[in-house]
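These notes are about the structure you will find just below.
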Amino acid sequence: MGMTQHIRIASRASAMATAQVNWLMAEITRTSPGTVPEFVPITTAGDSWTGPLAEVGGKGAFTSAVARAVLDGRADLALHCAKDMPGDEPEPDGTVCLYPRRDDVHDVLVHPAGTKLDDLPAGTRIGTSAPRRIAQLTASHPHLTVVAVRGNADTRLGLTRSGDVDAVILALAVLRRLGREAEATEIIDTDRMMPALGAGQLALQIRADDQDLLDVLTPLTDPAATRAALAERTLLRALAGHCHAPIAGHATAHAAGELHLAARVYTPDGSAMLTAARTGPDPQTLGRAVAQDLIAQGANDLLASSRRR
């Protein structure tokens, strides 16, 4: 390569995706001054579809088109939210993912009047579409009414202003990336609302043979985030986690190189929950072990029931 390296970054064109791309471009410019990052916006099937996400390929509707831009040469790098990468299909051959520092994994409640989750009266309409959130919220607050909503964060926040819902649950990382963290009413503890696998984590997907780009991105990768991502992705793959799957989990780094991985699998209505947790040094071994613990408790049957919905 010459003195100037152009790096084409493919991502969705939503406000949040654009904010993430802007962050990445600034980081690349900071760590590799001889590079020129460029944004290649991609419109995905998930962006243009307003019906059930499963009908257009589930979470893969957001990530497959972006990854395809790398495989067919329109881009050098695909930027994903790791939580949107499905577990029931393999990542494209010839690609690898790198993981920068992880953002906050918490979910937050946004209520226009500032009312906390435990203080919401019966019948309060909570907007969310994530099966993981629906199952946990239905189990912990059965007196509330969950309203399935789709759309980007701006759209969901707008639903509270229009009166379509009374409150929404979003990821804290999303609000931070949009510069709207102050709108969060309550940060929900992870014991009460376990995060999505991959929550708060960006994934940089590149061609496996692109050594020059790998060299540019290596300073941006975070060892602890990478190990946590590998453990969580291995667990999700072992469970064949799909877009209907009420799966939650979170890996955290401990001293001396140990990782702790906790995970839960729910029925769609939250009436049953399986839980498993282990600590170990190897992320992939740990992910498989926790998945096997859940499978031994009947996770496959619970996940099969969610597929039929």
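In the structure tokens, the first chain shown is A, the next is B, and so on; residue numbers restart at 1 for each chain, and ligands run from 1 in the order shown.
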Quiz prompt | Which of region 16-167 of chain A fall in strand (DSSP E), as an MDAnalysis selection string | solution = chainID A and resid 35:42 77:81 95:98 107:110 125:127 145:147 167
Against region 120-128 of chain A, which residues of region 164-185 of chain A fall within 7 Å? For each one I want the closest pair of atoms and the distance in Å (one decimal), counting only C-alpha atoms, rows by chain and increasing residue number, as a Markdown table.
```
| residue | atom | partner | partner_atom | distance |
| --- | --- | --- | --- | --- |
| A:Val165 | CA | A:Arg125 | CA | 5.2 |
| A:Asp166 | CA | A:Arg125 | CA | 5.1 |
| A:Ala167 | CA | A:Ile126 | CA | 5.0 |
| A:Val168 | CA | A:Gly127 | CA | 4.5 |
| A:Ile169 | CA | A:Thr128 | CA | 6.0 |
```
Store the residues picked out above, limited to N, CA and C atoms, as a compact mmCIF listing (two decimals), in the first residue's frame.
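File written: result.txt
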```txt
# COMPACT_ATOMS: atom_id res chain seq x y z
N VAL A 165 -46.96 4.73 23.37
CA VAL A 165 -46.59 3.94 24.55
C VAL A 165 -46.32 4.92 25.68
N ASP A 166 -46.29 4.41 26.90
CA ASP A 166 -46.03 5.26 28.06
C ASP A 166 -44.55 5.35 28.39
N ALA A 167 -43.79 4.32 28.02
CA ALA A 167 -42.36 4.29 28.30
C ALA A 167 -41.71 3.29 27.35
N VAL A 168 -40.41 3.36 27.23
CA VAL A 168 -39.67 2.39 26.42
C VAL A 168 -38.46 1.90 27.21
N ILE A 169 -38.00 0.73 26.84
CA ILE A 169 -36.74 0.21 27.36
C ILE A 169 -35.75 0.16 26.21
```
Which residues are close to Ala69 (chain A), i.e. within 12 Å by only C-alpha atoms, leaving aside same-chain residues fewer than 3 positions away? Reply as a PDB file with C-alpha atoms, in the first residue's frame.
```pdb
ATOM      1  CA  ARG A   8     -14.187   1.933   3.330  1.00  0.00           C
ATOM      2  CA  ILE A   9     -16.480   1.251   6.308  1.00  0.00           C
ATOM      3  CA  ALA A  10     -19.853  -0.352   5.592  1.00  0.00           C
ATOM      4  CA  SER A  11     -22.660   0.084   8.098  1.00  0.00           C
ATOM      5  CA  ARG A  12     -26.333   0.882   8.310  1.00  0.00           C
ATOM      6  CA  PHE A  39     -18.402   5.688   5.139  1.00  0.00           C
ATOM      7  CA  VAL A  40     -20.298   3.300   2.849  1.00  0.00           C
ATOM      8  CA  PRO A  41     -23.937   3.429   4.045  1.00  0.00           C
ATOM      9  CA  ILE A  42     -25.939   0.253   3.471  1.00  0.00           C
ATOM     10  CA  THR A  43     -29.726  -0.056   3.457  1.00  0.00           C
ATOM     11  CA  THR A  44     -30.647  -3.473   4.845  1.00  0.00           C
ATOM     12  CA  THR A  63     -25.923  -7.646   9.407  1.00  0.00           C
ATOM     13  CA  SER A  64     -25.828  -9.836   6.298  1.00  0.00           C
ATOM     14  CA  ALA A  65     -26.144  -6.998   3.783  1.00  0.00           C
ATOM     15  CA  VAL A  66     -23.417  -5.036   5.564  1.00  0.00           C
ATOM     16  CA  ASP A  72     -18.033  -8.377  -2.760  1.00  0.00           C
ATOM     17  CA  GLY A  73     -15.389  -5.650  -2.527  1.00  0.00           C
ATOM     18  CA  ARG A  74     -17.591  -2.582  -2.017  1.00  0.00           C
ATOM     19  CA  ALA A  75     -16.127  -2.058   1.456  1.00  0.00           C
ATOM     20  CA  ASP A  76     -13.095  -3.094   3.483  1.00  0.00           C
ATOM     21  CA  LEU A  77     -14.745  -3.278   6.889  1.00  0.00           C
ATOM     22  CA  ALA A  78     -18.260  -4.010   8.153  1.00  0.00           C
ATOM     23  CA  LEU A  79     -19.250  -2.352  11.413  1.00  0.00           C
ATOM     24  CA  PRO A  92     -19.211 -15.709   6.356  1.00  0.00           C
ATOM     25  CA  THR A  95     -13.949 -13.066   7.468  1.00  0.00           C
ATOM     26  CA  GLN A 205     -15.643  -7.551  10.425  1.00  0.00           C
ATOM     27  CA  ILE A 206     -12.904  -7.714   7.795  1.00  0.00           C
ATOM     28  CA  ARG A 207     -11.561 -10.185   5.265  1.00  0.00           C
TER      29      ARG A 207
END
```
Self-check item: Computed interatomic separation between CA of Arg133 (chain A) and CA of Ala277 (chain A) (Å)
Solution: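 Value for the CA of Arg133 (chain A)-CA of Ala277 (chain A) distance: 19.6 Å.
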Quiz item: Leaving out region 190-201 of chain A and any residue of its chain fewer than 6 positions from it, which residues lie within 10 Å of it when counting only C-alpha atoms, given as an MDAnalysis selection string?
Solution: chainID A and resid 80:85 87 99:108 130:133 135:137 140 171:174 225:226 228:233 235:236 241 246:251 262:264
Quiz item: Given the choices A:Leu302, A:Leu202, A:Val70, A:Ala272, which gets closest to Thr138 (chain A) if the distance is worked out from only C-alpha atoms?
Solution: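 Going through A:Leu302, A:Leu202, A:Val70, A:Ala272 one by one, the smallest distance to Thr138 (chain A) is for A:Ala272.
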Quiz item: Just asking: which residues within region 152-293 of chain A are alpha helix (DSSP H) according to DSSP, as a PyMOL selection string?
Solution: chain A and resi 153-162+172-177+211-217+223-238+283-293
Quiz item: To one decimal place, how far is CA of Thr35 (chain A) from CA of Leu217 (chain A) in Å?
Solution: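 Separation of CA of Thr35 (chain A) and CA of Leu217 (chain A): 11.0 Å.
Taking only C-alpha atoms into account, Gly257 (chain A) lies nearest to A:Pro281 out of the set A:Pro281, A:Pro112, A:Pro33, A:Gly270.
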Exercise. Just give me the gap between CA of Glu183 (chain A) and CA of Val110 (chain A) in Å, one decimal is fine.
Key: 6.5 Å
Self-check item: Neighbour list for Ser306 (chain A) as a count of residues only, cut-off 8 Å, only C-alpha atoms, skip fewer than 2 positions in-chain
Solution: 10
Exercise. Excluding Glu258 (chain A) and residues on its chain fewer than 4 positions from it, collect all residues at most 7 Å away from it, counting only C-alpha atoms, and give them as a list in words.
Key: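 After dropping sequence-adjacent residues, the list is Ala253, His254, Thr279, Gly280 and Pro281 of chain A.
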